[in-house]
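Below is one structure, written out as structure tokens; comments come after it.
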Amino acid sequence: MKTIRLLLLFLVLALPFLASAQVITTDSDENQETEEKSPFHKHEIDTAMAMSPDYMPVSYARIASHWHKPLIMKPVDTSTVQVHQSDPLIRTENITQNLGIYGQAHQTINYDYHRDPGFKMITLPYPYYIYDQNDVKFYNVPTSFTDLAFTFGIANMYEFDATHAQKYKGLTAAFDMHAYSNTGYYVNQETHNIRINAFVNYEIPSQYYGFTVSYLYNRIKAQENGGLQDITQFVQNKAQELTGYPVKSVSGYSKIQTHDLLFQQYVNIINKKKHYFGTITHSFQFKQLKTDYIDMGFDSLFYQPIILGKDSTHDTIQYYSIINSLQWSNFKPLDTLPDKKYFFRVAGGIMHEYVNAITPYYQGNTFTIFGRFHTRLFGVMDLYGRIAYSFNGYNKNDMVAAIGTKWMIQKKWNHFLGLEADFYRNSPDYIYENYYGNHNVWFCKDWPKQNTLKLSAFWSILKYRVELNYFMAHNLVRLNEIYEPFITEKAANLVQLHIFAPVRIKGFGLNLNAYLQYSNSTSLTVPLLALKASPYYVFNFLRGKLKMQIGLDLMYNTSYYADGYDPVLHQFYCQQKMLVGNYAYLDANITLKIKRISFFFRAGHFLSGIAGYSYFSTPYYPAMDRRFQIGINWKFYD
């Protein structure tokens, strides 16, 4: 309790900076982000701007495959602040539970819910590693932009990222690749990931017609040890080496592979007098997923139930879907929100999805009608909303509805108040309805619709944000401790206070991301407090041409019954046997930047063992032990 009181005091002391420093806005995806200057801090979006004559501003936005909306452009961050956070699980804005190694399964500790309409076979627990088309970036670049990053870690960890965006006349192309390899720290923990995206957009000179092609490939091959057999041995530090702790599976591994192809074409309706009457957009998407779990020598104590007479197991989930949508909008697919006192943006259409699944078997069609709008009134108030309704097939009578408003108090400081409401009525993932595997079998569960309500109120100024969220989840379908689906008998209620505060005072900075949460349901467990804090200080040398940053990254959450992980189904499950948390993780880093090249050294969890060995973020999976990383990041502007 003493540790909790100290951390809460730390939170309170940081809050006074909310009114006087530059911050990072995390508004809803309906709201456009802008960069403003604070009198306490120089504009630091790119330190190469003043010393590189060939620098050109580059921004990007995430595009929507079918759910048409104006883009929200964000500048590429070229400061030194987050260079050392090479993996998304490290980043201050992401608070997760994981399996003790980058590149493997994880989920956020801070609860949130978002779901697009349509068929969902399985929700894979890799939100920061497996991308879909809604994660693809469109780059607004004058000519070309290249970003290369390489990280080497001890022992035997490699990470490589490469991004190139090119613009030539009416054509914009981008290529993005992420590759990761790690031999792991414990027995049977090795993982290899790769993600590739190729993107092309072209509009003819007359602007009557344009198209976008995007191909996305994800592959994960990860050894699955199931966690430690005996956590008591680990907590008491019995083994000399980490590989000396027995694990539940010494030969299990997963292979996950996805293909995602999007072709989007649009026609702008323009008469001879150049009057614009909207855009008709057709989108075609092909998605394919295959997951395999393989173990050639499984332990019958780990796999329950077992298949008699067999000493190996191979479980597969495989399906593909073909999606077509047709819609009309009064803006082009790659338009941004206008900076005007008054505007009205609307889009609507119909989507058809055909699904063919081999294991578990399913074949069906779903139609969805949808619409969305965004309007600004009196120059200070934004209203936005969306609605979608599905009929036919497994997702018959599914619905999504959302509405929100944002009131601008002061434009100079990007000062806003806002309210949002989201409602989801959807069918559970299909594997909870029908599944046939070597160890899990259920048919025709015929679950009722899941109902989730989210109410939010937020206040933001510059890049600070404070929000209060309320979630109500009814008929929630989860896995229990014996890996079988069940439905919650009562509605789960969760209240959440979120604070994001990036303080900047001259050379000192602090990124603070904190959640206070309460849930009344054992099916939706969260820690009372979860936070990440990243203080740092930047030194300038050679008249600002050389920068050195030293910093720390702290992560802490109170103890709670965190979800366990089942590698066979690739799913987290509810459990009430093992508490995890109440352990502070501390990383240290040093970053050097010379013009557009950054180097960093990072010591992760360098206090490992000093406060004991009860460091778990997921039951039976110890968090990452002491580790060291060096890396380089190089950006090119032509």
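If you're wondering about the labels, chains in the structure tokens are A, B, ... by order shown, residues count from 1 in each chain, ligands from 1 in order shown.
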
At a cut-off of 8 Å, using only C-alpha atoms, what residues contact A:Phe443? Leave out same-chain residues fewer than 6 positions from it and give the result as a list in words.
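Residues near the query, excluding close chain neighbours: Glu433, Asn434, Tyr435 and Tyr436 of chain A.
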
With a distance cut-off of 6 Å and only C-alpha atoms, select the neighbouring residues of stretch 461-478 of chain A, excluding the residue or stretch itself and same-chain residues fewer than 5 positions from it, and output the selection as a PDB file with C-alpha atoms, in the first residue's frame.
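Below is the file that was written, selection.pdb:
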```
ATOM      1  CA  VAL A  23       1.253  17.947 -24.998  1.00  0.00           C
ATOM      2  CA  ILE A  24       0.154  15.227 -27.406  1.00  0.00           C
ATOM      3  CA  THR A  25      -3.566  15.256 -28.198  1.00  0.00           C
ATOM      4  CA  TRP A 413      -4.072  26.209 -27.195  1.00  0.00           C
ATOM      5  CA  ASN A 414      -6.095  23.479 -28.926  1.00  0.00           C
ATOM      6  CA  HIS A 415      -8.387  23.563 -25.893  1.00  0.00           C
ATOM      7  CA  GLN A 450     -23.219  -9.011 -27.027  1.00  0.00           C
ATOM      8  CA  ASN A 451     -24.164  -5.474 -26.016  1.00  0.00           C
ATOM      9  CA  THR A 452     -21.505  -2.928 -25.137  1.00  0.00           C
ATOM     10  CA  LEU A 453     -22.088   0.717 -24.244  1.00  0.00           C
ATOM     11  CA  LYS A 454     -19.280   3.255 -23.871  1.00  0.00           C
ATOM     12  CA  LEU A 455     -19.842   6.783 -22.536  1.00  0.00           C
ATOM     13  CA  SER A 456     -16.941   9.248 -22.496  1.00  0.00           C
ATOM     14  CA  PRO A 485     -16.717 -20.333 -23.774  1.00  0.00           C
ATOM     15  CA  PHE A 486     -19.201 -18.974 -21.262  1.00  0.00           C
ATOM     16  CA  ILE A 487     -21.506 -15.972 -21.071  1.00  0.00           C
ATOM     17  CA  THR A 488     -21.593 -13.462 -18.225  1.00  0.00           C
ATOM     18  CA  ALA A 491     -23.838  -6.926 -16.903  1.00  0.00           C
ATOM     19  CA  ALA A 492     -20.221  -5.936 -16.358  1.00  0.00           C
ATOM     20  CA  ASN A 493     -19.735  -2.285 -15.393  1.00  0.00           C
ATOM     21  CA  LEU A 494     -16.374  -0.573 -15.610  1.00  0.00           C
ATOM     22  CA  VAL A 495     -15.422   3.015 -14.743  1.00  0.00           C
ATOM     23  CA  GLN A 496     -12.126   4.423 -15.976  1.00  0.00           C
ATOM     24  CA  LEU A 497     -10.224   7.683 -15.468  1.00  0.00           C
ATOM     25  CA  HIS A 498      -7.424   8.229 -17.985  1.00  0.00           C
ATOM     26  CA  ILE A 499      -4.728  10.925 -17.836  1.00  0.00           C
ATOM     27  CA  PHE A 500      -2.153  11.528 -20.551  1.00  0.00           C
ATOM     28  CA  ALA A 501       0.288  14.297 -19.673  1.00  0.00           C
TER      29      ALA A 501
END
```

Counting only C-alpha atoms, the residue of A:Ser617, A:Gln189, A:Thr78, A:Asn511 that sits nearest A:Tyr556
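The answer is A:Ser617, which sits nearest to A:Tyr556.
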
Can you list, as a ChimeraX atom specification, every protein, DNA or RNA residue that comes within 10 Å of stretch 66-75 of chain A when you count only C-alpha atoms, leaving out same-chain residues fewer than 6 positions away?
/A:29-35,45-46,57-60,116-117,133-134,137-140,262,264,281-285,323-329,331-338,345-351,370-374,386,388

Can you measure atom CA of A:Pro527 to atom CA of A:Asn557 for me? One decimal in Å is fine.
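So the answer is 6.3 Å.
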
Show which residues sit within 9 Å of A:Tyr362, as a VMD selection string. Count only C-alpha atoms, and ignore same-chain residues fewer than 3 positions away.
chain A and resid 319 355 to 359 430 434

Taking only C-alpha atoms into account, which of A:Gln576, A:Thr279, A:Thr258, A:Asn225 comes nearest A:Gly210?
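Checking each of A:Gln576, A:Thr279, A:Thr258, A:Asn225 against A:Gly210, counting only C-alpha atoms, the winner is A:Thr279.
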
So, counting only C-alpha atoms, which residue among A:Ile482, A:Leu419, A:Thr80, A:Leu607 is closest to A:Leu546?
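Checking each candidate against A:Leu546, we get A:Thr80 as the closest.
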
Go through A:Leu552, A:Leu99, A:Met157, A:Ala562 one by one, measure the shortest atom-to-atom distance of each to A:Gln575 using only C-alpha atoms, and give the residue with the smallest value.
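Under the stated criterion, the closest residue is A:Ala562.
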
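With distances restricted to only C-alpha atoms, A:Gln549 is the closest residue to A:Ser598 from A:Leu289, A:Thr212, A:Val136, A:Gln549.
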
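Considering only C-alpha atoms, the residue among A:Thr405, A:Thr375, A:Asn201, A:Ser144 positioned nearest to A:Trp459 is A:Thr405.
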
For stretch 169-177 of chain A, work out the shell of residues within 9 Å, counting only C-alpha atoms and skipping chain neighbours fewer than 3 positions away, then give it as a VMD selection string.
chain A and resid 137 to 141 160 to 166 194 to 205

Residues within 8 Å of A:Asn395, only C-alpha atoms, excluding chain neighbours under 2 positions, as a ChimeraX atom specification
/A:118-119,366,390-393,397-398,426-427

Considering only C-alpha atoms, return as a ChimeraX atom specification whatever protein or nucleic-acid residues lie within 10 Å of stretch 623-625 of chain A, sequence-local ones (same chain, fewer than 3 positions apart) excluded.
/A:97-102,184-186,242,585,604-609,613-620,628

Residues just named, written with C-alpha atoms as an mmCIF file, in the first residue's frame:
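Contents of result-v4.cif, freshly written:
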```cif
data_model
loop_
_atom_site.group_PDB
_atom_site.id
_atom_site.type_symbol
_atom_site.label_atom_id
_atom_site.label_comp_id
_atom_site.auth_asym_id
_atom_site.auth_seq_id
_atom_site.Cartn_x
_atom_site.Cartn_y
_atom_site.Cartn_z
ATOM 1 C CA GLN A 97 0.170 -7.668 -20.334
ATOM 2 C CA ASN A 98 2.344 -10.000 -22.407
ATOM 3 C CA LEU A 99 4.176 -13.333 -22.400
ATOM 4 C CA GLY A 100 7.552 -11.942 -21.343
ATOM 5 C CA ILE A 101 8.948 -11.405 -24.825
ATOM 6 C CA TYR A 102 8.363 -8.930 -27.639
ATOM 7 C CA GLY A 184 13.878 -15.885 -26.011
ATOM 8 C CA TYR A 185 14.951 -16.148 -22.393
ATOM 9 C CA TYR A 186 13.286 -19.396 -21.304
ATOM 10 C CA LEU A 242 16.411 -18.896 -16.777
ATOM 11 C CA TYR A 585 9.636 -2.090 -13.848
ATOM 12 C CA GLY A 604 15.567 -2.928 -19.745
ATOM 13 C CA HIS A 605 14.386 -4.021 -16.290
ATOM 14 C CA PHE A 606 17.879 -3.331 -15.018
ATOM 15 C CA LEU A 607 16.751 -3.683 -11.372
ATOM 16 C CA SER A 608 15.642 -7.263 -12.013
ATOM 17 C CA GLY A 609 15.600 -9.278 -8.790
ATOM 18 C CA TYR A 613 11.194 -12.228 -8.509
ATOM 19 C CA SER A 614 7.411 -11.953 -8.537
ATOM 20 C CA TYR A 615 7.369 -10.065 -11.828
ATOM 21 C CA PHE A 616 4.520 -11.438 -13.968
ATOM 22 C CA SER A 617 2.163 -9.522 -16.226
ATOM 23 C CA THR A 618 0.398 -12.738 -17.350
ATOM 24 C CA PRO A 619 -0.060 -15.766 -15.041
ATOM 25 C CA TYR A 620 2.805 -18.309 -15.352
ATOM 26 C CA PHE A 628 20.313 -4.572 -23.161
#
```
